[in-house]
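Reading through the structure tokens given below for one structure.
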Amino acid sequence: MLNRIILMGRLTRDPELRRTQSGTAVASFSLAVDRDFADKATGNRPTDFIDIVAWRNTAEFVSRYFSKGRMAVVEGRLQIRDWQDRDGNRRRSAEVVADNIYFGDSKRDGDGGGRSNYAPQAGGSYAPQGGGYSPAAQSSYAPGPAAVSEFSELSDDDGELPF
């Protein structure tokens, strides 16, 4: 059986980080996710508001680097929870339990928070993820003024191509 979900949307509020009695970190937030189609009458795209729960290192990661309005990509599984309200009525809630959370925008595009190309892994370590960059990595790829001045014009070009 398969229960995988990938969502991309904007946080509707800052993640709320709490701890269980045993000290395990848990963060909750919700994503506003636009649907792929527009309403024929209004031309607007309907939006779904989806509850997300992250545990342990992923919870600490999202609470540290994400804030309201930031674009996030969430990978996880759908979970249905049964519970009782204060009046004793049985209720059901659907939520996504996040396994991985990635940046969906750059720091410039979002309204704050950090950008990193690292995502939390099991055991508390952080591993590099594709699609992002860090200032240190960018400086090693982008030629600076000194690197540009190392090149010079070829003066002995005879105009023939070697192929």
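Convention: chains lettered A, B, ... in structure tokens order; per-chain residue numbering from 1; ligands numbered from 1 as shown.
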* **All residues 7 Å or closer to region 47-52 of chain A, only C-alpha atoms, same chain fewer than 5 positions away omitted, as a list in words** => Ser28, Phe29, Ser30, Leu31, Ala32, Val33, Asp34, Arg35, Glu95, Val96, Val97 and Ala98 of chain A
* For region 76-90 of chain A, list every protein, DNA or RNA residue within 10 Å, evaluated using only C-alpha atoms, and leave out those in the same chain fewer than 6 positions away; present the list as a PyMOL selection string. => chain A and resi 2-7+52-54+96-101
Could the residues in this selection be written to a file with C-alpha atoms, as a short mmCIF file (atom, residue, chain, number, x, y, z; two decimals), in the first residue's frame?
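See out37.cif below for the written result:
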```cif
data_model
loop_
_atom_site.label_atom_id
_atom_site.label_comp_id
_atom_site.auth_asym_id
_atom_site.auth_seq_id
_atom_site.Cartn_x
_atom_site.Cartn_y
_atom_site.Cartn_z
CA LEU A 2 1.11 3.54 -0.66
CA ASN A 3 0.37 6.72 1.26
CA ARG A 4 2.57 9.57 -0.04
CA ILE A 5 1.66 13.19 -0.55
CA ILE A 6 3.62 16.15 -1.87
CA LEU A 7 2.26 19.66 -1.42
CA ILE A 52 0.63 19.86 8.57
CA VAL A 53 2.35 18.18 11.54
CA ALA A 54 6.12 17.66 11.72
CA VAL A 96 -0.32 15.58 6.62
CA VAL A 97 2.49 14.15 8.72
CA ALA A 98 5.61 15.70 7.16
CA ASP A 99 8.67 13.57 6.54
CA ASN A 100 10.60 16.26 4.64
CA ILE A 101 10.10 19.99 4.21
#
```
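Distance check against Val26 (chain A) using only C-alpha atoms: of A:Asn57, A:Arg91, A:Arg45, A:Ala38, the minimum falls on A:Asn57.
Atom pair CA of Met1 (chain A) / CA of Asp36 (chain A): separated by 26.4 Å.
Taking CA of Thr20 (chain A) as the reference point, CA of Arg70 (chain A) is found at 26.2 Å.
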* Asked: At what distance in Å, to one decimal, does CA of Tyr65 (chain A) lie from CA of Tyr102 (chain A)?
  -> 10.2 Å
* **DSSP-assigned helix (DSSP H, G or I) members of region 12-60 of chain A, reported as a PyMOL selection string** => chain A and resi 56-60
* To do: Considering only C-alpha atoms, return as an NGL selection string whatever protein or nucleic-acid residues lie within 8 Å of Glu60 (chain A), sequence-local ones (same chain, fewer than 5 positions apart) excluded.
  => :A and (17 or 25-27 or 55)
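Counting only C-alpha atoms, Phe103 (chain A) has the following residues at most 7 Å away, ignoring those fewer than 3 positions along the same chain: Met71, Ala72 and Val73 of chain A.
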With all heavy atoms retained, write the just-selected residues as a PDB file, in the first residue's frame.
```pdb
ATOM      1  N   MET A  71       6.959  30.064   1.073  1.00  0.00           N
ATOM      2  CA  MET A  71       6.579  28.931   0.241  1.00  0.00           C
ATOM      3  C   MET A  71       7.325  27.705   0.744  1.00  0.00           C
ATOM      4  O   MET A  71       8.523  27.768   1.006  1.00  0.00           O
ATOM      5  CB  MET A  71       6.949  29.210  -1.213  1.00  0.00           C
ATOM      6  CG  MET A  71       6.566  28.110  -2.169  1.00  0.00           C
ATOM      7  SD  MET A  71       4.816  28.058  -2.547  1.00  0.00           S
ATOM      8  CE  MET A  71       4.650  29.502  -3.558  1.00  0.00           C
ATOM      9  N   ALA A  72       6.605  26.599   0.883  1.00  0.00           N
ATOM     10  CA  ALA A  72       7.208  25.360   1.357  1.00  0.00           C
ATOM     11  C   ALA A  72       6.726  24.195   0.508  1.00  0.00           C
ATOM     12  O   ALA A  72       5.595  24.195   0.011  1.00  0.00           O
ATOM     13  CB  ALA A  72       6.843  25.111   2.818  1.00  0.00           C
ATOM     14  N   VAL A  73       7.596  23.218   0.353  1.00  0.00           N
ATOM     15  CA  VAL A  73       7.249  21.961  -0.279  1.00  0.00           C
ATOM     16  C   VAL A  73       7.287  20.910   0.827  1.00  0.00           C
ATOM     17  O   VAL A  73       8.308  20.751   1.492  1.00  0.00           O
ATOM     18  CB  VAL A  73       8.229  21.596  -1.413  1.00  0.00           C
ATOM     19  CG1 VAL A  73       7.864  20.251  -2.024  1.00  0.00           C
ATOM     20  CG2 VAL A  73       8.257  22.686  -2.468  1.00  0.00           C
TER      21      VAL A  73
END
```
